[in-house]
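Participant: Supplied structure: query.cif, mmCIF, C-alpha atoms and all ligand atoms.
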```
data_protein
loop_
_atom_site.label_atom_id
_atom_site.label_comp_id
_atom_site.auth_asym_id
_atom_site.auth_seq_id
_atom_site.Cartn_x
_atom_site.Cartn_y
_atom_site.Cartn_z
CA MET S 252 33.48 -35.29 -25.01
CA LYS S 253 29.72 -35.74 -25.35
CA LYS S 254 29.46 -36.73 -21.73
CA ILE S 255 31.35 -33.65 -20.59
CA SER S 256 29.13 -31.28 -22.58
CA LEU S 257 26.07 -33.00 -21.18
CA ILE S 258 27.40 -32.49 -17.66
CA PHE S 259 27.99 -28.82 -18.47
CA ILE S 260 24.49 -28.40 -19.84
CA ILE S 261 22.97 -30.03 -16.76
CA LEU S 262 25.15 -27.92 -14.50
CA PHE S 263 24.16 -24.79 -16.42
CA LEU S 264 20.44 -25.57 -16.20
CA PHE S 265 20.75 -26.43 -12.53
CA THR S 266 22.55 -23.21 -11.57
CA ASN S 267 20.04 -21.16 -13.57
CA LEU S 268 17.16 -22.89 -11.87
CA PHE S 269 18.81 -22.33 -8.53
CA ALA S 270 19.38 -18.66 -9.30
CA LYS S 271 15.69 -18.27 -10.09
CA GLU S 272 14.58 -20.13 -6.96
CA SER S 273 16.80 -18.15 -4.62
CA GLY S 274 16.44 -14.41 -4.10
CA GLY S 275 12.73 -14.37 -3.23
CA ILE S 276 10.96 -11.03 -3.60
CA MET S 277 10.73 -10.44 0.17
CA ASP S 278 14.00 -12.05 1.25
CA ASP S 279 15.62 -8.76 2.17
CA PHE S 280 12.61 -7.61 4.17
CA LYS S 281 11.96 -9.04 7.61
CA ALA S 282 8.51 -9.23 9.16
CA LYS S 283 8.51 -6.81 12.07
CA GLN S 284 6.25 -7.32 15.06
CA VAL S 285 4.61 -3.98 15.92
CA ALA S 286 2.08 -5.16 18.52
CA GLU S 287 1.04 -8.36 20.29
CA HIS S 288 -0.70 -9.92 17.27
CA THR S 289 0.34 -7.57 14.45
CA TRP S 290 3.28 -7.86 12.04
CA VAL S 291 4.29 -5.79 9.05
CA ILE S 292 6.75 -6.24 6.22
CA LEU S 293 8.06 -2.79 5.36
CA GLY S 294 8.57 -2.79 1.62
CA PRO S 295 10.98 -0.50 -0.23
CA THR S 296 9.64 3.03 -0.76
CA GLY S 297 10.32 3.42 -4.48
CA GLU S 298 8.01 3.09 -7.46
CA PRO S 299 7.33 -0.40 -8.89
CA SER S 300 10.47 -1.40 -10.83
CA VAL S 301 12.51 -4.23 -12.30
CA ALA S 302 14.65 -4.20 -9.14
CA ASN S 303 11.82 -4.47 -6.59
CA ARG S 304 9.68 -6.70 -8.87
CA GLY S 305 6.65 -4.64 -7.88
CA PHE S 306 7.04 -5.12 -4.13
CA MET S 307 6.93 -1.61 -2.60
CA ASN S 308 4.04 -1.49 -0.10
CA ASN S 309 3.62 -2.52 3.54
CA PRO S 310 1.74 -5.83 3.76
CA ALA S 311 0.63 -6.52 7.34
CA PHE S 312 -0.77 -9.56 9.09
CA VAL S 313 -2.46 -10.37 12.37
CA ILE S 314 -2.10 -13.78 13.98
CA THR S 315 -5.29 -14.55 15.92
CA ASP S 316 -5.72 -17.57 18.20
CA LYS S 317 -6.87 -19.67 15.22
CA SER S 318 -6.01 -17.94 11.97
CA VAL S 319 -4.25 -15.17 10.07
CA ILE S 320 -5.71 -11.89 8.77
CA VAL S 321 -3.82 -10.12 5.95
CA PHE S 322 -3.91 -6.41 5.05
CA ASP S 323 -2.80 -5.19 1.60
CA PRO S 324 -1.02 -8.27 0.23
CA GLY S 325 0.93 -6.34 -2.43
CA SER S 326 1.10 -5.83 -6.16
CA SER S 327 1.08 -9.21 -7.88
CA LYS S 328 0.51 -12.94 -7.72
CA GLN S 329 4.23 -13.31 -7.01
CA VAL S 330 4.23 -10.80 -4.13
CA GLY S 331 1.17 -12.52 -2.61
CA GLU S 332 2.96 -15.88 -2.81
CA ALA S 333 6.08 -14.41 -1.21
CA LEU S 334 3.90 -13.04 1.59
CA VAL S 335 2.38 -16.49 2.25
CA LYS S 336 5.92 -17.88 2.51
CA LYS S 337 6.92 -15.09 4.88
CA ILE S 338 3.88 -15.64 7.12
CA ARG S 339 4.67 -19.36 7.19
CA LYS S 340 7.92 -18.53 9.00
CA HIS S 341 5.87 -17.22 11.93
CA THR S 342 2.77 -19.42 12.05
CA ASP S 343 1.11 -22.50 10.51
CA LYS S 344 -2.40 -21.09 11.03
CA PRO S 345 -4.53 -20.67 7.89
CA ILE S 346 -5.04 -17.25 6.25
CA THR S 347 -8.81 -16.71 6.49
CA HIS S 348 -9.37 -12.99 5.77
CA ILE S 349 -7.87 -10.24 3.62
CA PHE S 350 -8.62 -6.52 3.95
CA ASP S 351 -7.68 -4.35 0.94
CA SER S 352 -7.21 -0.65 1.68
CA HIS S 353 -8.01 0.84 -1.77
CA VAL S 354 -8.13 0.29 -5.51
CA HIS S 355 -4.45 0.96 -6.37
CA GLY S 356 -3.07 -2.36 -7.58
CA ASP S 357 0.20 -2.20 -5.64
CA HIS S 358 -1.90 -2.92 -2.53
CA TRP S 359 -4.28 -5.70 -3.55
CA LEU S 360 -3.25 -7.63 -6.69
CA GLY S 361 -1.42 -9.96 -4.27
CA ASN S 362 -4.87 -11.32 -3.30
CA GLN S 363 -4.32 -13.92 -6.02
CA GLY S 364 -1.25 -15.41 -4.36
CA ILE S 365 -3.11 -15.78 -1.04
CA LYS S 366 -6.27 -17.17 -2.63
CA LYS S 367 -4.22 -19.78 -4.48
CA ALA S 368 -2.95 -21.16 -1.16
CA PHE S 369 -6.20 -20.54 0.78
CA PRO S 370 -9.15 -20.77 -1.67
CA LYS S 371 -11.72 -20.06 1.07
CA VAL S 372 -10.17 -16.75 2.14
CA LYS S 373 -12.73 -13.92 2.53
CA ILE S 374 -11.68 -10.62 0.97
CA TYR S 375 -13.06 -7.24 2.08
CA ALA S 376 -12.91 -3.68 0.69
CA HIS S 377 -14.74 -0.35 0.31
CA PRO S 378 -17.79 -0.85 -1.96
CA VAL S 379 -16.45 1.75 -4.44
CA MET S 380 -13.12 -0.11 -4.54
CA ILE S 381 -14.98 -3.22 -5.71
CA GLU S 382 -16.96 -1.18 -8.24
CA GLU S 383 -13.89 0.60 -9.68
CA ALA S 384 -11.81 -2.59 -9.79
CA ARG S 385 -14.55 -4.31 -11.79
CA ALA S 386 -15.00 -1.28 -14.07
CA GLY S 387 -11.43 -1.43 -15.41
CA GLU S 388 -9.02 -0.29 -12.67
CA ALA S 389 -7.98 -3.90 -12.06
CA GLU S 390 -6.97 -4.44 -15.68
CA SER S 391 -5.15 -1.12 -16.00
CA TRP S 392 -3.16 -1.80 -12.81
CA ILE S 393 -2.21 -5.29 -14.00
CA LYS S 394 -0.89 -3.74 -17.24
CA LEU S 395 0.91 -0.94 -15.39
CA MET S 396 2.64 -3.34 -12.98
CA ASP S 397 3.71 -5.60 -15.84
CA LYS S 398 5.14 -2.61 -17.72
CA LEU S 399 6.98 -1.03 -14.79
CA THR S 400 8.51 -4.35 -13.66
CA GLU S 401 9.20 -5.49 -17.24
CA GLY S 402 7.21 -8.68 -16.78
CA ALA S 403 8.09 -9.61 -13.19
CA THR S 404 4.38 -9.66 -12.33
CA ALA S 405 3.39 -11.75 -15.38
CA GLY S 406 0.46 -14.08 -14.81
CA THR S 407 -1.20 -11.78 -12.29
CA GLU S 408 -4.99 -11.85 -12.44
CA ALA S 409 -7.44 -9.71 -10.50
CA VAL S 410 -8.99 -11.44 -7.51
CA ILE S 411 -11.47 -8.68 -6.71
CA PRO S 412 -12.82 -8.52 -3.12
CA GLU S 413 -16.38 -9.83 -2.83
CA ASN S 414 -17.27 -8.45 0.63
CA GLN S 415 -18.34 -4.79 0.92
CA LEU S 416 -17.36 -2.95 4.09
CA LYS S 417 -19.41 -0.28 5.87
CA ASP S 418 -17.97 2.70 7.69
CA GLY S 419 -17.61 1.91 11.39
CA GLU S 420 -18.28 -1.79 10.85
CA GLN S 421 -16.60 -4.15 13.32
CA ILE S 422 -15.71 -7.64 12.16
CA LYS S 423 -14.81 -10.14 14.86
CA ILE S 424 -12.34 -12.78 13.77
CA ASP S 425 -11.49 -15.24 16.56
CA ASN S 426 -10.05 -13.14 19.44
CA ILE S 427 -9.49 -10.04 17.26
CA THR S 428 -11.85 -7.28 16.12
CA ILE S 429 -11.20 -5.24 12.98
CA LYS S 430 -12.99 -1.89 12.74
CA SER S 431 -13.16 -0.25 9.30
CA HIS S 432 -13.07 3.50 8.72
CA LEU S 433 -14.23 4.46 5.22
CA SER S 434 -14.04 7.80 3.38
CA GLU S 435 -16.01 9.19 0.46
CA ILE S 436 -12.84 10.74 -0.89
CA ALA S 437 -9.34 10.84 0.62
CA HIS S 438 -6.31 9.32 -1.19
CA THR S 439 -8.91 7.95 -3.65
CA LYS S 440 -12.68 7.41 -3.57
CA THR S 441 -12.09 3.85 -2.37
CA ASP S 442 -10.16 4.11 0.91
CA ALA S 443 -10.68 2.04 4.03
CA MET S 444 -8.48 2.25 7.12
CA PHE S 445 -8.39 -0.70 9.49
CA GLU S 446 -8.21 -0.50 13.26
CA ILE S 447 -6.96 -3.65 14.97
CA MET S 448 -8.81 -3.03 18.22
CA GLN S 449 -7.02 -5.34 20.66
CA ASP S 450 -3.59 -4.16 19.45
CA LYS S 451 -4.38 -0.43 19.14
CA VAL S 452 -2.93 -0.55 15.62
CA LEU S 453 -4.16 1.40 12.57
CA VAL S 454 -3.50 0.31 8.99
CA THR S 455 -3.99 3.53 7.02
CA GLY S 456 -3.49 2.34 3.45
CA ASP S 457 -2.35 5.32 1.35
CA ASN S 458 -4.25 7.85 3.50
CA ALA S 459 -0.81 8.22 5.12
CA PHE S 460 2.70 8.09 3.68
CA ASN S 461 6.02 8.28 5.47
CA ASN S 462 9.31 9.19 3.77
CA ARG S 463 7.80 8.76 0.34
CA MET S 464 5.84 11.16 -1.83
CA PRO S 465 2.13 10.38 -2.23
CA ARG S 466 0.10 10.17 -5.40
CA LEU S 467 -3.06 12.24 -5.16
CA ASP S 468 -4.29 11.97 -8.76
CA ASP S 469 -7.48 10.17 -7.71
CA GLY S 470 -7.99 11.88 -4.38
CA SER S 471 -8.39 15.17 -2.56
CA TYR S 472 -6.27 17.23 -0.19
CA LYS S 473 -9.24 18.19 1.95
CA GLY S 474 -10.62 14.66 1.98
CA ASN S 475 -7.23 13.15 2.79
CA MET S 476 -6.73 15.62 5.67
CA LYS S 477 -10.22 14.80 6.97
CA ALA S 478 -9.38 11.07 6.94
CA ILE S 479 -6.22 11.82 8.92
CA ASP S 480 -8.31 13.73 11.47
CA THR S 481 -10.52 10.64 11.81
CA ALA S 482 -7.39 8.55 12.36
CA LEU S 483 -5.97 10.99 14.90
CA ALA S 484 -9.15 10.73 16.99
CA LEU S 485 -8.77 6.94 17.36
CA ASP S 486 -7.32 5.23 20.40
CA VAL S 487 -4.31 3.75 18.57
CA SER S 488 -0.62 3.78 19.38
CA VAL S 489 0.86 2.15 16.25
CA VAL S 490 0.31 3.53 12.75
CA ILE S 491 1.16 1.46 9.67
CA PRO S 492 1.24 3.80 6.63
CA GLY S 493 0.72 2.58 3.07
CA HIS S 494 4.39 3.21 2.29
CA GLY S 495 7.33 3.95 4.58
CA GLU S 496 8.29 3.23 8.18
CA THR S 497 5.67 2.55 10.87
CA GLY S 498 5.43 4.73 13.97
CA GLY S 499 2.96 6.34 16.33
CA LYS S 500 0.48 9.12 15.65
CA GLU S 501 3.35 11.42 14.57
CA VAL S 502 3.22 9.57 11.22
CA LEU S 503 -0.28 11.02 10.81
CA THR S 504 0.47 14.55 12.01
CA ASN S 505 3.60 14.69 9.87
CA PHE S 506 1.75 13.66 6.72
CA LYS S 507 -1.15 16.00 7.45
CA LYS S 508 1.34 18.84 7.80
CA PHE S 509 2.80 17.92 4.40
CA LEU S 510 -0.64 18.09 2.76
CA SER S 511 -1.75 21.26 4.57
CA THR S 512 1.53 23.06 3.78
CA ILE S 513 0.94 22.54 0.06
CA TYR S 514 -2.77 23.26 0.22
CA THR S 515 -2.74 26.44 2.33
CA ASN S 516 0.20 27.90 0.41
CA VAL S 517 -1.49 27.21 -2.91
CA GLN S 518 -4.62 28.94 -1.55
CA SER S 519 -2.76 32.10 -0.58
CA LEU S 520 -0.55 32.18 -3.69
CA LEU S 521 -3.59 31.79 -5.95
CA ASN S 522 -5.03 34.83 -4.19
CA GLU S 523 -1.92 36.67 -5.38
CA ASP S 524 -2.71 35.50 -8.95
CA MET S 525 0.36 33.32 -9.15
CA GLU S 526 0.70 30.46 -11.67
CA ALA S 527 1.51 26.90 -10.53
CA PHE S 528 5.07 27.03 -11.96
CA GLU S 529 5.78 30.28 -10.08
CA MET S 530 4.53 28.76 -6.81
CA LYS S 531 6.74 25.69 -7.07
CA PRO S 532 10.01 27.10 -5.66
CA LEU S 533 8.14 28.97 -2.89
CA ILE S 534 6.29 25.86 -1.78
CA ILE S 535 9.42 23.68 -1.97
CA GLU S 536 11.02 26.19 0.40
CA LYS S 537 8.26 25.51 2.93
CA LEU S 538 8.66 21.73 2.57
CA GLN S 539 12.29 21.47 3.69
CA ASP S 540 11.40 18.78 6.30
CA TYR S 541 10.18 16.56 3.45
CA LYS S 542 12.85 17.13 0.81
CA ASN S 543 14.47 13.76 1.49
CA TRP S 544 11.24 11.90 0.89
CA ASP S 545 11.50 9.35 -1.88
CA ASN S 546 10.66 10.90 -5.30
CA PHE S 547 10.29 14.46 -3.90
CA ASP S 548 11.58 16.15 -7.07
CA GLY S 549 9.63 13.83 -9.33
CA ALA S 550 6.28 14.31 -7.61
CA ILE S 551 6.11 17.84 -6.20
CA GLY S 552 5.13 19.64 -9.43
CA LYS S 553 2.15 17.40 -10.05
CA LEU S 554 1.04 17.58 -6.41
CA ILE S 555 1.00 21.40 -6.63
CA SER S 556 -1.04 21.27 -9.88
CA ILE S 557 -3.56 18.95 -8.20
CA ALA S 558 -3.84 21.38 -5.26
CA VAL S 559 -4.35 24.30 -7.67
CA LEU S 560 -7.25 22.49 -9.36
CA GLU S 561 -8.79 21.60 -6.03
CA VAL S 562 -8.55 25.14 -4.65
CA GLU S 563 -9.98 26.59 -7.89
CA ASN S 564 -12.94 24.21 -7.67
CA GLU S 565 -13.69 25.03 -4.05
ZN ZN X 1 -2.48 4.34 -3.47
#
```
Hey, can you dump this file as structure tokens for me?
Ligand SMILES: [Zn+2]

Facilitator:
Amino acid sequence: MKKISLIFIILFLFTNLFAKESGGIMDDFKAKQVAEHTWVILGPTGEPSVANRGFMNNPAFVITDKSVIVFDPGSSKQVGEALVKKIRKHTDKPITHIFDSHVHGDHWLGNQGIKKAFPKVKIYAHPVMIEEARAGEAESWIKLMDKLTEGATAGTEAVIPENQLKDGEQIKIDNITIKSHLSEIAHTKTDAMFEIMQDKVLVTGDNAFNNRMPRLDDGSYKGNMKAIDTALALDVSVVIPGHGETGGKEVLTNFKKFLSTIYTNVQSLLNEDMEAFEMKPLIIEKLQDYKNWDNFDGAIGKLISIAVLEVENE
């Protein structure tokens, strides 16, 4: 009898262990090759949750002739570790550089998982990103992720980038050159977009969204549209947005149209002395092409309020 219960206990522990080991965070998401050296893992487009364990951005990587460059390694230690595993399926080369697009933690808290496997990795970001992360954004994002995922990101610590980028700076890594495009204010005050020169690819961070509603609490409509104009002027053929499917430059024009539709309508409706709540149905009417975007109903009210404030402060 004792022996049998012992066998059951062992079996129980083993299956539980197995259940935990299987079902990795990125298992359902294949790395997609979008150019000769560039790959992206298109994460789900929802908000961080128990179901996605905080993985909901688009981590990308470039395989050079000697090493691997990572862009936006995700929201937690665990997501960063899953990304290393995923990259390992395509190459054995070491990860030597990380570029973080902005201060929102769903894009860069994964630095920790990469750094654990490659302690010498160099991490780059906008100087204001580094400043804001150190001043408390890092800690508040760690708490937010832990709350929204109900502990799936536990143990995540901020590995804040130590290398400050300059606008227009070109960094040569092996046979690949990365050109950074920085804004004063766009999606946030911390945004950098990365042009992978040899591949004609642009990693936009959250300066562009596709099929998912943006957050603009820390940014500006005008600034974001200006950053998109900068992106549109570049000689790129592949655009990797911060969230949602990759594409060509139509990803940029489509998102700019979304922002300008809200902004210009708010401008003219404010001229008619309308309140934000009265504008809402009229603006939704103009955004029919976007009504299937993830979290449309949840986000549109706040986005209109942000536009109202921005127009009033013009
Ligand atoms: Zn963001």

Participant: Distance table requested - chain S against ligand ZN 1 (chain X), cut-off 9 Å, all atoms listed in the file: one row per qualifying residue with the closest atom pair and its distance in Å to one decimal, ordered by chain and rising residue number, as CSV.

Facilitator:
```
residue,atom,partner,partner_atom,distance
S:Ser352,CA,X:ZN1,ZN,8.6
S:His353,CA,X:ZN1,ZN,6.8
S:Val354,CA,X:ZN1,ZN,7.2
S:His355,CA,X:ZN1,ZN,4.9
S:Gly356,CA,X:ZN1,ZN,7.9
S:Asp357,CA,X:ZN1,ZN,7.4
S:His358,CA,X:ZN1,ZN,7.3
S:His438,CA,X:ZN1,ZN,6.7
S:Thr439,CA,X:ZN1,ZN,7.4
S:Asp442,CA,X:ZN1,ZN,8.8
S:Gly456,CA,X:ZN1,ZN,7.3
S:Asp457,CA,X:ZN1,ZN,4.9
S:Asn458,CA,X:ZN1,ZN,8.0
S:Pro465,CA,X:ZN1,ZN,7.7
S:Arg466,CA,X:ZN1,ZN,6.7
S:Leu467,CA,X:ZN1,ZN,8.1
S:Asp469,CA,X:ZN1,ZN,8.8
S:Gly493,CA,X:ZN1,ZN,7.5
```

Participant: Find the residue from S:Gly419, S:Ala311, S:Thr512, S:Lys542 that sits nearest to Gln284 (chain S); use all atoms listed in the file when measuring.

Facilitator: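 Of the candidates, the smallest distance to Gln284 (chain S) is held by S:Ala311.
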
Participant: Near region 306-310 of chain S, counting all atoms listed in the file, which residues have an atom at most 6 Å away, once you skip same-chain residues fewer than 4 positions from it, shown as a PyMOL selection string?

Facilitator: chain S and resi 291-296+322-324+493-494

Participant: For the atom pair CA of Phe280 (chain S) and CA of Leu360 (chain S), what is the interatomic distance in Å to one decimal place?

Facilitator: 19.2 Å

Participant: Can you tell me which residues surround Asp468 (chain S) at a distance of at most 12 Å, considering only C-alpha atoms, apart from same-chain residues fewer than 3 positions away, and format the answer as a PyMOL selection string?

Facilitator: chain S and resi 355+436-440+465+471-472+475+550+553-558+560-561

Participant: Would you list the residues near (0.7, -2.6, -17.1) (no more than 12 Å away, in the coordinates of the file, using only C-alpha atoms) as a list of chain:residue names?

Facilitator: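 Those residues lying close to the given coordinates are S:Pro299, S:Ser300, S:Gly305, S:Ser326, S:Ser327, S:Gly356, S:Asp357, S:Glu388, S:Ala389, S:Glu390, S:Ser391, S:Trp392, S:Ile393, S:Lys394, S:Leu395, S:Met396, S:Asp397, S:Lys398, S:Leu399, S:Thr400, S:Glu401, S:Gly402, S:Ala403, S:Thr404, S:Ala405, S:Gly406, S:Thr407, S:Glu408.
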
Participant: Env of region 409-414 of chain S: 6 Å cut, atoms = only C-alpha atoms, seq-sep filter 5 positions within chain, self excluded. Answer as a ChimeraX atom specification.

Facilitator: /S:362-363,374-375

Participant: Once you have the residues from the selection above, write them out as a PDB file, in the coordinates of the input, restricted to C-alpha atoms.

Facilitator:
```
ATOM      1  CA  ASN S 362      -4.870 -11.320  -3.300  1.00  0.00           C
ATOM      2  CA  GLN S 363      -4.320 -13.920  -6.020  1.00  0.00           C
ATOM      3  CA  ILE S 374     -11.680 -10.620   0.970  1.00  0.00           C
ATOM      4  CA  TYR S 375     -13.060  -7.240   2.080  1.00  0.00           C
TER       5      TYR S 375
END
```

Participant: Taking only C-alpha atoms into account, which of S:Met464, S:Ile314, S:Ile429, S:Ile349 comes nearest Gly297 (chain S)?

Facilitator: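 Looking only at the distances to Gly297 (chain S), the closest residue turns out to be S:Met464.
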
Participant: With distances taken over only C-alpha atoms, which of S:Gln415, S:Asn522, S:Asn426, S:Asn516 is nearest to Ile320 (chain S)?

Facilitator: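 Looking only at the distances to Ile320 (chain S), the closest residue turns out to be S:Asn426.
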